[in-house]
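Printed here is model-v4.txt (compact mmCIF, C-alpha atoms):
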# COMPACT_ATOMS: atom_id res chain seq x y z
CA MET A 1 0.00 0.00 0.00
CA PRO A 2 1.34 3.47 -0.89
CA ALA A 3 2.64 5.41 2.08
CA GLU A 4 0.26 8.33 1.63
CA VAL A 5 -2.79 6.04 1.65
CA GLU A 6 -1.49 4.45 4.82
CA ASP A 7 -1.04 7.90 6.37
CA GLN A 8 -4.56 8.96 5.38
CA LEU A 9 -6.11 5.83 6.87
CA LYS A 10 -4.09 6.22 10.04
CA THR A 11 -5.23 9.84 10.44
CA LEU A 12 -8.85 8.76 9.96
CA MET A 13 -8.36 5.97 12.50
CA VAL A 14 -6.96 8.30 15.14
CA ARG A 15 -9.80 10.77 14.55
CA GLY A 16 -12.28 7.92 14.77
CA GLN A 17 -10.79 6.78 18.07
CA ALA A 18 -11.34 10.32 19.34
CA GLY A 19 -15.02 10.08 18.33
CA ASP A 20 -15.22 11.83 14.93
CA PRO A 21 -18.22 10.26 13.07
CA ALA A 22 -17.32 11.66 9.62
CA ALA A 23 -13.78 10.29 9.79
CA TRP A 24 -15.06 6.94 11.02
CA ASN A 25 -17.61 6.72 8.23
CA GLU A 26 -14.96 7.46 5.62
CA LEU A 27 -12.48 5.02 7.13
CA LEU A 28 -14.94 2.14 7.31
CA THR A 29 -16.17 2.84 3.77
CA ARG A 30 -12.63 2.76 2.39
CA LEU A 31 -11.74 -0.29 4.45
CA SER A 32 -14.87 -2.15 3.31
CA LYS A 33 -13.67 -1.90 -0.30
CA GLN A 34 -10.21 -3.19 0.55
CA LEU A 35 -11.61 -5.95 2.71
CA ARG A 36 -14.03 -7.08 0.02
CA GLY A 37 -11.06 -7.66 -2.29
CA TYR A 38 -9.04 -9.31 0.45
CA PHE A 39 -11.77 -11.82 1.29
CA ALA A 40 -12.87 -12.38 -2.30
CA ARG A 41 -9.35 -13.48 -3.25
CA ARG A 42 -9.43 -16.03 -0.44
CA MET A 43 -12.90 -17.52 -0.91
CA GLU A 44 -14.66 -19.31 -3.74
CA THR A 45 -15.90 -16.92 -6.40
CA GLY A 46 -19.28 -15.40 -5.71
CA SER A 47 -19.41 -16.66 -2.14
CA ALA A 48 -22.07 -14.94 -0.06
CA ASP A 49 -19.72 -15.23 2.91
CA VAL A 50 -17.51 -12.45 1.56
CA GLU A 51 -19.93 -9.68 2.48
CA ASP A 52 -20.63 -11.32 5.86
CA LEU A 53 -16.93 -11.35 6.60
CA VAL A 54 -16.55 -7.72 5.53
CA GLN A 55 -19.31 -6.73 7.94
CA GLU A 56 -17.99 -8.90 10.76
CA THR A 57 -14.54 -7.39 10.35
CA LEU A 58 -15.90 -3.82 10.30
CA LEU A 59 -17.83 -4.59 13.47
CA ALA A 60 -14.73 -6.03 15.15
CA ILE A 61 -12.67 -3.01 14.07
CA HIS A 62 -15.39 -0.79 15.50
CA ARG A 63 -15.74 -2.57 18.83
CA ARG A 64 -12.02 -3.06 19.33
CA ARG A 65 -10.89 0.29 17.94
CA MET A 66 -9.05 1.16 21.15
CA THR A 67 -6.67 -1.78 20.69
CA TYR A 68 -5.04 0.12 17.83
CA ASP A 69 -1.88 1.80 19.04
CA PRO A 70 -1.23 4.95 16.93
CA GLY A 71 2.49 4.33 17.29
CA LEU A 72 2.21 1.25 15.05
CA PRO A 73 1.31 0.86 11.34
CA PHE A 74 -2.43 0.97 10.76
CA SER A 75 -2.80 -1.51 7.90
CA ALA A 76 -0.99 -4.24 9.79
CA TRP A 77 -3.51 -3.84 12.59
CA ALA A 78 -6.56 -3.79 10.32
CA TYR A 79 -5.44 -6.81 8.31
CA ALA A 80 -4.57 -8.73 11.46
CA VAL A 81 -8.21 -8.29 12.50
CA ALA A 82 -9.41 -9.36 9.03
CA ARG A 83 -7.12 -12.36 9.02
CA TYR A 84 -8.33 -13.45 12.44
CA LYS A 85 -11.93 -13.20 11.25
CA LEU A 86 -11.13 -15.24 8.13
CA ILE A 87 -9.38 -18.01 10.04
CA ASP A 88 -12.19 -18.02 12.58
CA HIS A 89 -14.69 -18.38 9.76
CA TRP A 90 -12.86 -21.34 8.26
CA ARG A 91 -12.44 -22.97 11.62
CA ARG A 92 -16.12 -22.58 12.40
CA SER A 93 -17.38 -23.88 9.09
CA ARG A 94 -14.60 -26.45 8.66
CA VAL A 95 -15.03 -25.93 4.96
CA ARG A 96 -13.70 -28.25 2.36
CA LYS A 97 -11.44 -30.80 3.75
CA HIS A 98 -12.58 -32.34 0.48
CA VAL A 99 -13.19 -30.07 -2.45
CA PRO A 100 -16.29 -31.23 -4.34
CA ILE A 101 -15.27 -32.46 -7.78
CA ASP A 102 -17.67 -30.04 -9.50
CA ASP A 103 -15.80 -27.08 -8.06
CA VAL A 104 -12.50 -28.46 -9.28
CA VAL A 105 -13.90 -29.01 -12.76
CA ASP A 106 -15.31 -25.47 -12.77
CA TRP A 107 -12.00 -24.13 -11.67
CA LEU A 108 -10.09 -26.12 -14.24
CA THR A 109 -12.37 -25.29 -17.14
CA ASP A 110 -12.48 -21.66 -16.11
CA SER A 111 -9.17 -20.97 -17.85
CA SER A 112 -9.34 -18.14 -20.30
CA SER A 113 -6.98 -19.60 -22.88
CA ALA A 114 -6.22 -23.05 -24.16
CA GLU A 115 -2.60 -22.68 -23.16
CA GLU A 116 -3.47 -21.87 -19.59
CA GLY A 117 -5.78 -24.87 -19.59
CA ALA A 118 -2.94 -27.11 -20.70
CA ILE A 119 -0.66 -25.80 -17.99
CA ARG A 120 -3.34 -26.38 -15.41
CA ALA A 121 -3.92 -29.92 -16.64
CA ASP A 122 -0.18 -30.63 -16.29
CA LEU A 123 -0.21 -29.14 -12.86
CA GLU A 124 -3.13 -31.32 -11.85
CA LYS A 125 -1.34 -34.40 -13.17
CA ILE A 126 1.73 -33.62 -11.08
CA LEU A 127 -0.32 -32.80 -8.01
CA ALA A 128 -2.38 -35.98 -8.39
CA ASP A 129 0.53 -38.02 -7.01
CA LEU A 130 0.24 -36.29 -3.66
CA PRO A 131 -2.00 -37.36 -0.79
CA ASP A 132 -5.23 -35.31 -0.56
CA ARG A 133 -4.18 -33.10 2.32
CA GLN A 134 -0.84 -32.18 0.82
CA ARG A 135 -2.43 -31.51 -2.56
CA HIS A 136 -4.89 -29.07 -1.03
CA LEU A 137 -2.11 -27.35 0.85
CA VAL A 138 0.04 -26.93 -2.24
CA ARG A 139 -2.91 -25.55 -4.14
CA ASP A 140 -3.97 -23.18 -1.35
CA VAL A 141 -0.52 -21.86 -0.57
CA LYS A 142 1.40 -22.00 -3.84
CA ILE A 143 -1.41 -21.34 -6.31
CA THR A 144 -4.20 -19.47 -4.51
CA GLY A 145 -1.69 -17.58 -2.37
CA LEU A 146 -3.04 -18.18 1.11
CA SER A 147 -0.74 -17.92 4.11
CA LEU A 148 0.28 -21.10 5.92
CA ALA A 149 -1.97 -20.27 8.87
CA GLU A 150 -4.94 -19.71 6.56
CA ALA A 151 -4.40 -22.86 4.54
CA GLY A 152 -3.82 -24.82 7.73
CA ALA A 153 -7.08 -23.61 9.25
CA ARG A 154 -8.83 -24.61 6.05
CA ALA A 155 -7.41 -28.12 6.20
CA GLY A 156 -8.04 -28.34 9.94
CA MET A 157 -4.42 -28.34 11.07
CA SER A 158 -2.12 -25.96 12.91
CA GLU A 159 0.23 -23.59 11.12
CA GLY A 160 3.19 -25.71 12.17
CA ALA A 161 1.63 -28.92 10.89
CA ALA A 162 0.74 -27.20 7.61
CA LYS A 163 4.33 -26.03 7.22
CA VAL A 164 5.68 -29.54 7.68
CA ALA A 165 3.10 -31.09 5.35
CA LEU A 166 3.77 -28.49 2.66
CA HIS A 167 7.50 -29.02 2.96
CA ARG A 168 7.02 -32.77 2.49
CA ALA A 169 4.78 -32.19 -0.49
CA MET A 170 7.28 -29.89 -2.19
CA LYS A 171 10.05 -32.40 -1.55
CA THR A 172 7.96 -35.21 -3.05
CA LEU A 173 7.23 -33.06 -6.08
CA SER A 174 10.85 -32.14 -6.72
CA GLU A 175 12.02 -35.74 -6.27
CA GLY A 176 9.31 -36.98 -8.61
CA ARG A 177 10.39 -34.53 -11.29
CA SER A 178 14.09 -35.31 -11.11
CA GLY A 179 13.29 -39.03 -11.20
CA SER A 180 11.22 -38.96 -14.37
CA MET B 1 -28.10 -5.45 6.50
CA ARG B 2 -26.33 -3.56 3.75
CA THR B 3 -22.74 -2.72 4.48
CA GLU B 4 -23.31 1.03 3.94
CA ASP B 5 -26.11 0.97 6.52
CA LEU B 6 -23.88 -0.85 8.96
CA ILE B 7 -21.12 1.70 8.48
CA HIS B 8 -23.60 4.53 8.93
CA SER B 9 -24.96 3.13 12.19
CA LEU B 10 -21.47 2.38 13.53
CA SER B 11 -20.43 5.99 12.86
CA GLN B 12 -23.30 7.14 15.08
CA ASP B 13 -22.05 4.90 17.89
CA LEU B 14 -18.67 6.38 18.79
CA GLY B 15 -18.92 6.78 22.54
CA PRO B 16 -15.62 7.11 24.37
CA LEU B 17 -13.91 3.81 25.20
CA PRO B 18 -11.25 3.24 27.83
CA SER B 19 -7.77 2.67 26.42
CA THR B 20 -6.34 -0.85 26.30
CA GLY B 21 -3.94 -0.09 29.14
CA ARG B 22 -6.70 1.25 31.36
CA ARG B 23 -8.92 -1.77 30.66
CA LEU B 24 -6.18 -4.17 31.70
CA PHE B 25 -5.55 -2.14 34.84
CA LEU B 26 -9.01 -3.05 36.13
CA PRO B 27 -8.52 -6.84 36.56
CA ALA B 28 -5.10 -6.16 38.07
CA VAL B 29 -6.53 -3.92 40.81
CA ALA B 30 -9.75 -5.92 41.33
CA GLY B 31 -7.76 -9.18 41.29
CA ALA B 32 -5.27 -7.97 43.88
CA LEU B 33 -8.13 -6.83 46.11
CA SER B 34 -9.96 -10.14 45.79
CA ALA B 35 -6.82 -12.07 46.73
CA LEU B 36 -6.25 -9.72 49.64
CA ALA B 37 -9.84 -10.23 50.79
CA LEU B 38 -9.36 -14.02 50.63
CA VAL B 39 -6.20 -13.80 52.73
CA ALA B 40 -7.86 -11.46 55.25
CA GLY B 41 -11.14 -13.36 55.52
CA TRP B 42 -10.11 -16.96 54.95
CA LEU B 43 -6.39 -17.73 55.37
CA GLY B 44 -5.47 -14.98 57.81
CA PHE B 45 -2.30 -12.86 57.76
CA ARG B 46 0.83 -14.47 59.13
CA PRO B 47 0.90 -13.85 62.90
CA ASP B 48 4.41 -12.41 62.83
CA ILE B 49 3.61 -9.94 60.05
CA GLN B 50 4.72 -6.99 62.18
CA VAL B 51 8.30 -8.23 62.34
CA ALA B 52 8.38 -10.36 59.17
CA TRP B 53 8.79 -7.36 56.90
CA THR B 54 12.21 -6.64 58.42
CA VAL B 55 13.52 -9.99 57.13
CA PRO B 56 15.11 -9.77 53.65
CA MET B 57 13.63 -13.12 52.60
CA PHE B 58 10.12 -11.69 53.02
CA TRP B 59 10.97 -9.17 50.31
CA ALA B 60 12.95 -11.58 48.14
CA LYS B 61 9.93 -13.88 47.99
CA GLY B 62 7.65 -10.99 47.14
CA ALA B 63 10.09 -9.68 44.53
CA TYR B 64 10.20 -13.04 42.76
CA THR B 65 6.45 -13.40 42.37
CA ALA B 66 5.82 -9.70 41.74
CA LEU B 67 8.42 -9.64 38.95
CA VAL B 68 6.77 -12.67 37.35
CA ALA B 69 3.43 -10.87 37.53
CA LEU B 70 4.93 -7.73 35.99
CA ALA B 71 6.57 -9.64 33.14
CA ALA B 72 3.29 -11.42 32.39
CA TYR B 73 1.42 -8.12 32.55
CA ALA B 74 3.79 -6.61 30.00
CA SER B 75 3.05 -9.56 27.68
CA LEU B 76 -0.68 -9.11 28.17
CA ARG B 77 -0.54 -5.48 27.10
CA ILE B 78 0.93 -6.61 23.79
CA LEU B 79 -1.12 -9.79 23.34
CA ALA B 80 -4.36 -7.82 23.86
CA ARG B 81 -3.73 -6.26 20.43
CA PRO B 82 -3.90 -8.18 17.17
CA VAL B 83 -0.30 -7.49 16.13
CA GLY B 84 2.81 -8.72 17.91
CA GLY B 85 4.01 -11.84 19.66
CA ALA B 86 5.06 -10.69 23.16
CA LEU B 87 7.70 -13.31 23.73
CA LYS B 88 9.88 -10.85 25.66
CA GLY B 89 7.65 -10.97 28.74
CA PHE B 90 7.65 -14.76 28.76
CA ALA B 91 11.42 -14.82 28.33
CA MET B 92 11.76 -12.43 31.26
CA ALA B 93 9.50 -14.58 33.46
CA ALA B 94 11.46 -17.69 32.42
CA GLY B 95 14.73 -15.96 33.32
CA ILE B 96 13.47 -14.97 36.78
CA PHE B 97 12.12 -18.48 37.28
CA ALA B 98 15.44 -20.09 36.28
CA LEU B 99 17.33 -17.81 38.67
CA VAL B 100 15.08 -18.70 41.60
CA ILE B 101 15.17 -22.44 40.82
CA ALA B 102 18.97 -22.32 40.59
CA THR B 103 19.31 -20.45 43.91
CA GLY B 104 16.83 -22.82 45.53
CA ALA B 105 18.83 -25.80 44.27
CA ILE B 106 22.08 -24.30 45.58
CA GLN B 107 20.51 -23.74 48.99
CA PHE B 108 19.25 -27.33 48.97
CA VAL B 109 22.66 -28.78 48.13
CA MET B 110 24.53 -26.59 50.66
CA THR B 111 22.28 -27.71 53.51
CA VAL B 112 23.16 -30.71 55.64
CA PRO B 113 21.21 -33.75 54.38
CA SER B 114 19.28 -34.23 57.61
CA GLU B 115 17.65 -30.79 57.25
CA ARG B 116 16.97 -30.88 53.53
CA LEU B 117 13.51 -32.33 53.86
CA LEU B 118 12.48 -29.51 56.17
CA LEU B 119 13.84 -26.99 53.68
CA LEU B 120 11.78 -28.49 50.89
CA ALA B 121 8.57 -29.30 52.76
CA GLY B 122 8.48 -26.50 55.32
CA GLY B 123 5.31 -26.62 57.37
CA SER B 124 2.81 -26.06 54.58
CA TRP B 125 3.90 -27.80 51.38
CA GLN B 126 0.61 -29.67 51.10
CA VAL B 127 -1.46 -26.49 50.80
CA CYS B 128 0.90 -23.87 49.33
CA SER B 129 0.41 -24.42 45.58
CA GLN B 130 -3.25 -25.14 46.08
CA ASN B 131 -3.84 -21.92 48.02
CA ILE B 132 -2.06 -19.90 45.33
CA VAL B 133 -4.30 -21.48 42.69
CA ILE B 134 -7.41 -20.62 44.73
CA LEU B 135 -6.28 -17.01 45.23
CA GLY B 136 -5.38 -16.77 41.54
CA ALA B 137 -8.55 -18.26 40.06
CA PRO B 138 -10.67 -15.08 40.42
CA ILE B 139 -7.80 -12.99 39.01
CA LEU B 140 -7.52 -15.31 36.02
CA ALA B 141 -11.28 -15.15 35.45
CA LEU B 142 -11.34 -11.34 35.63
CA THR B 143 -8.35 -11.05 33.32
CA LEU B 144 -9.85 -13.40 30.72
CA LEU B 145 -13.17 -11.54 30.84
CA THR B 146 -11.39 -8.26 30.22
CA LEU B 147 -9.33 -9.71 27.38
CA ARG B 148 -12.52 -10.78 25.63
CA THR B 149 -13.36 -7.13 25.07
CA LEU B 150 -9.89 -6.48 23.61
CA ALA B 151 -8.43 -8.09 20.51
CA PRO B 152 -6.15 -11.06 21.25
CA THR B 153 -5.44 -13.19 18.18
CA LYS B 154 -3.29 -15.82 19.91
CA PRO B 155 -5.75 -17.28 22.41
CA ALA B 156 -3.56 -20.00 23.96
CA ARG B 157 -0.55 -17.75 24.42
CA THR B 158 -2.71 -14.91 25.73
CA GLY B 159 -4.45 -17.28 28.14
CA ALA B 160 -1.07 -18.50 29.38
CA ALA B 161 0.06 -14.92 29.98
CA ALA B 162 -3.19 -14.25 31.87
CA GLY B 163 -2.58 -17.36 34.01
CA LEU B 164 1.02 -16.40 34.72
CA PHE B 165 -0.11 -12.91 35.68
CA ALA B 166 -2.84 -14.30 37.97
CA GLY B 167 -0.31 -16.72 39.51
CA GLY B 168 2.34 -14.06 40.13
CA LEU B 169 -0.15 -11.66 41.68
CA ALA B 170 -1.82 -14.35 43.80
CA ALA B 171 1.54 -15.67 45.03
CA THR B 172 2.64 -12.16 45.96
CA VAL B 173 -0.48 -11.62 48.07
CA TYR B 174 -0.16 -15.15 49.47
CA GLY B 175 3.20 -14.10 50.93
CA LEU B 176 1.23 -12.06 53.47
CA HIS B 177 -0.17 -15.30 54.84
CA CYS B 178 2.58 -17.83 54.24
CA PRO B 179 5.41 -17.80 56.83
CA GLU B 180 7.82 -19.98 54.80
CA HIS B 181 11.21 -18.39 54.24
CA ALA B 182 13.27 -21.13 52.58
CA LEU B 183 14.20 -20.35 48.96
CA THR B 184 13.96 -24.02 48.09
CA PHE B 185 10.39 -24.07 49.34
CA VAL B 186 9.45 -20.96 47.36
CA ALA B 187 11.22 -22.17 44.23
CA VAL B 188 9.22 -25.41 44.24
CA TRP B 189 5.77 -24.75 45.67
CA TYR B 190 5.23 -21.11 44.72
CA SER B 191 6.45 -21.88 41.22
CA LEU B 192 4.18 -24.93 40.98
CA GLY B 193 1.15 -22.82 41.92
CA MET B 194 2.02 -20.24 39.26
CA ALA B 195 2.68 -22.97 36.69
CA ILE B 196 -0.72 -24.59 37.32
CA LEU B 197 -2.47 -21.26 36.73
CA THR B 198 -0.41 -20.66 33.58
CA ALA B 199 -1.41 -24.06 32.21
CA ALA B 200 -5.05 -23.43 33.14
CA GLY B 201 -4.91 -20.11 31.31
CA ALA B 202 -3.38 -21.70 28.21
CA LEU B 203 -6.14 -24.34 28.18
CA LEU B 204 -8.95 -21.86 28.85
CA GLY B 205 -7.70 -19.25 26.37
CA PRO B 206 -8.93 -20.88 23.16
CA TRP B 207 -12.34 -21.45 24.79
CA THR B 208 -12.85 -18.10 26.40
CA LEU B 209 -11.00 -15.62 24.23
CA ARG B 210 -13.13 -15.97 21.11
CA TRP B 211 -14.29 -12.52 20.10
CA ARG B 212 -17.95 -11.92 20.72
Using structure tokens, write down the structure that the file contains.
Amino acid sequence: MPAEVEDQLKTLMVRGQAGDPAAWNELLTRLSKQLRGYFARRMETGSADVEDLVQETLLAIHRRRMTYDPGLPFSAWAYAVARYKLIDHWRRSRVRKHVPIDDVVDWLTDSSSAEEGAIRADLEKILADLPDRQRHLVRDVKITGLSLAEAGARAGMSEGAAKVALHRAMKTLSEGRSGS
Amino acid sequence: MRTEDLIHSLSQDLGPLPSTGRRLFLPAVAGALSALALVAGWLGFRPDIQVAWTVPMFWAKGAYTALVALAAYASLRILARPVGGALKGFAMAAGIFALVIATGAIQFVMTVPSERLLLLAGGSWQVCSQNIVILGAPILALTLLTLRTLAPTKPARTGAAAGLFAGGLAATVYGLHCPEHALTFVAVWYSLGMAILTAAGALLGPWTLRWR
């Protein structure tokens, strides 16, 4: 995030903490746009949960606004709240230890070009050798771009366990490639 | 509800809130008072309290547990916010603990074998840790309740810090009742009481520190 945007948000936050309704309204409105993107990138497309999560995060930011220390970066604080809400959501719903095959097909056939489709098919072939859990982790972390903690929560394991499992998976993949 | 409506209504609801530091101050004061009330009304102050405070060991004991409480409190102030890990406070508490255990062990080894058991067991080893846990339980409860209104994102670690804080504070107040002056005794039984509360906090954290 550009430094001046960060500064603007921080100023709004401090004014909001002091009880300025206009600043608070502007801050939450700007944050809601950023959060929508943040959650949308981490959920299935078109999920109704995205807006719920945006609202839950805004509410948490509102109720816990005094836990922001103006001496620290603002975005780090706001995204830490968002991240906590996201992990909490996954933990609660225990979503997708097993991805339904329809979703995978959708995702695979969603490619915009034939070339991309071919790459994805290769990728799937390589990933198919892995056990389910490891495959999901590789996909979540290396392709979708989730953090280890997020992907771990999704698969129902701790961040540490996810790290180990991902490491094993990547090792298996590199050994498989050098062997063939 | 539409998000714009939510934002609008939240902007109309900006009453003043106490700062994080001030919120955490409340369970510290209320907790100390509750432990003090338990000592006054239930355990009783040590009978020799009027002369005990002239003995250095009285203060050394208090310094040990009070420093643990302070280190845990410093961690809590960081863990109550969503950013930051607060390992410094734990490291400080561990350092103090190691120092006291080491001194207690030296005292134990330097004592003639026939008196070692007395050094370790004192006159109250059966109840010491247990009493500290009882004095600390209300402090732990108050601290966890307060933390729920703040924003901890590491519930187990935050719960452990709350337990360590409750243990340190309870043990400090317990010193007003407990007449034991052997370092070995303090290193074992006081530490055990604080450790039990820390473990309880770590177990309770994930249950109780979910944001409402």
Residues of chain B within 12 Å of chain A, using all atoms listed in the file, as an mmCIF file with C-alpha atoms, in the coordinates of the input?
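Contents of the output file selection.cif:
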data_model
loop_
_atom_site.group_PDB
_atom_site.id
_atom_site.type_symbol
_atom_site.label_atom_id
_atom_site.label_comp_id
_atom_site.auth_asym_id
_atom_site.auth_seq_id
_atom_site.Cartn_x
_atom_site.Cartn_y
_atom_site.Cartn_z
ATOM 1 C CA MET B 1 -28.100 -5.450 6.500
ATOM 2 C CA ARG B 2 -26.330 -3.560 3.750
ATOM 3 C CA THR B 3 -22.740 -2.720 4.480
ATOM 4 C CA GLU B 4 -23.310 1.030 3.940
ATOM 5 C CA ASP B 5 -26.110 0.970 6.520
ATOM 6 C CA LEU B 6 -23.880 -0.850 8.960
ATOM 7 C CA ILE B 7 -21.120 1.700 8.480
ATOM 8 C CA HIS B 8 -23.600 4.530 8.930
ATOM 9 C CA SER B 9 -24.960 3.130 12.190
ATOM 10 C CA LEU B 10 -21.470 2.380 13.530
ATOM 11 C CA SER B 11 -20.430 5.990 12.860
ATOM 12 C CA GLN B 12 -23.300 7.140 15.080
ATOM 13 C CA ASP B 13 -22.050 4.900 17.890
ATOM 14 C CA LEU B 14 -18.670 6.380 18.790
ATOM 15 C CA GLY B 15 -18.920 6.780 22.540
ATOM 16 C CA PRO B 16 -15.620 7.110 24.370
ATOM 17 C CA LEU B 17 -13.910 3.810 25.200
ATOM 18 C CA PRO B 18 -11.250 3.240 27.830
ATOM 19 C CA SER B 19 -7.770 2.670 26.420
ATOM 20 C CA THR B 20 -6.340 -0.850 26.300
ATOM 21 C CA GLY B 21 -3.940 -0.090 29.140
ATOM 22 C CA ARG B 22 -6.700 1.250 31.360
ATOM 23 C CA ARG B 23 -8.920 -1.770 30.660
ATOM 24 C CA LEU B 24 -6.180 -4.170 31.700
ATOM 25 C CA ARG B 77 -0.540 -5.480 27.100
ATOM 26 C CA ILE B 78 0.930 -6.610 23.790
ATOM 27 C CA LEU B 79 -1.120 -9.790 23.340
ATOM 28 C CA ALA B 80 -4.360 -7.820 23.860
ATOM 29 C CA ARG B 81 -3.730 -6.260 20.430
ATOM 30 C CA PRO B 82 -3.900 -8.180 17.170
ATOM 31 C CA VAL B 83 -0.300 -7.490 16.130
ATOM 32 C CA GLY B 84 2.810 -8.720 17.910
ATOM 33 C CA LEU B 147 -9.330 -9.710 27.380
ATOM 34 C CA ARG B 148 -12.520 -10.780 25.630
ATOM 35 C CA THR B 149 -13.360 -7.130 25.070
ATOM 36 C CA LEU B 150 -9.890 -6.480 23.610
ATOM 37 C CA ALA B 151 -8.430 -8.090 20.510
ATOM 38 C CA PRO B 152 -6.150 -11.060 21.250
ATOM 39 C CA THR B 153 -5.440 -13.190 18.180
ATOM 40 C CA LYS B 154 -3.290 -15.820 19.910
ATOM 41 C CA PRO B 155 -5.750 -17.280 22.410
ATOM 42 C CA PRO B 206 -8.930 -20.880 23.160
ATOM 43 C CA LEU B 209 -11.000 -15.620 24.230
ATOM 44 C CA ARG B 210 -13.130 -15.970 21.110
ATOM 45 C CA TRP B 211 -14.290 -12.520 20.100
ATOM 46 C CA ARG B 212 -17.950 -11.920 20.720
#
Exercise for review: Please indicate the distance in Å from CA of Val50 (chain A) to CA of Arg92 (chain A), rounded to one decimal place.
Suggested key: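 If I compute the distance from CA of Val50 (chain A) to CA of Arg92 (chain A), I get 14.9 Å.
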As a tab-separated table (two decimals) with C-alpha atoms, in the coordinates of the input, please: the residues near region 91-104 of chain B (cut-off 7 Å, only C-alpha atoms, same-chain neighbours under 4 positions excluded).
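Heads up, here's the output in out_31.tsv:
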chain	number	residue	atom	x	y	z
B	68	VAL	CA	6.77	-12.67	37.35
B	71	ALA	CA	6.57	-9.64	33.14
B	87	LEU	CA	7.70	-13.31	23.73
B	108	PHE	CA	19.25	-27.33	48.97
B	183	LEU	CA	14.20	-20.35	48.96
B	184	THR	CA	13.96	-24.02	48.09
B	187	ALA	CA	11.22	-22.17	44.23
**Study point:** Two-atom distance - CA of Leu166 (chain A), CA of Ala156 (chain B) (Å)
**Key:**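 CA of Ala156 (chain B) lies 24.1 Å from CA of Leu166 (chain A).
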Revision key, fill the gap. Between A:Ala3, A:Asp132, A:Thr144, A:Met13, smallest distance to Ala40 (chain A) by all atoms listed in the file belongs to A:Thr144
**Study point:** Atomic distance CA of Leu164 (chain B) - CA of Ala141 (chain B), expressed in Å with one decimal
**Key:** 12.4 Å
Point to revise | A:Leu31, A:Leu130, A:Ala48, A:Ala149 ranked by distance to Ile87 (chain A), top pick (using all atoms listed in the file) | key: A:Ala149
Exercise for review: Measuring atom to atom with all atoms listed in the file, identify which of A:Met43, A:Leu137, A:Ile143, A:Val5 is nearest to Glu159 (chain A).
Suggested key: A:Leu137
Point to revise | Ala169 (chain A) surroundings by only C-alpha atoms, 12 Å radius, close-in-sequence under 4 positions cut, as a list in words | key: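 Close residues of Ala169 (chain A): Ile126, Leu127, Ala128, Asp129, Leu130, Pro131, Asp132, Arg133, Gln134, Arg135, His136, Leu137, Val138, Arg139, Val141, Lys142, Ala162, Lys163, Val164, Ala165, Leu173, Ser174, Glu175 and Gly176 of chain A.
Proximity to region 73-75 of chain B at 6 Å, evaluated using all atoms listed in the file and with sequence-adjacent residues fewer than 6 positions away removed, yields Ala86, Gly89 and Phe165 of chain B.
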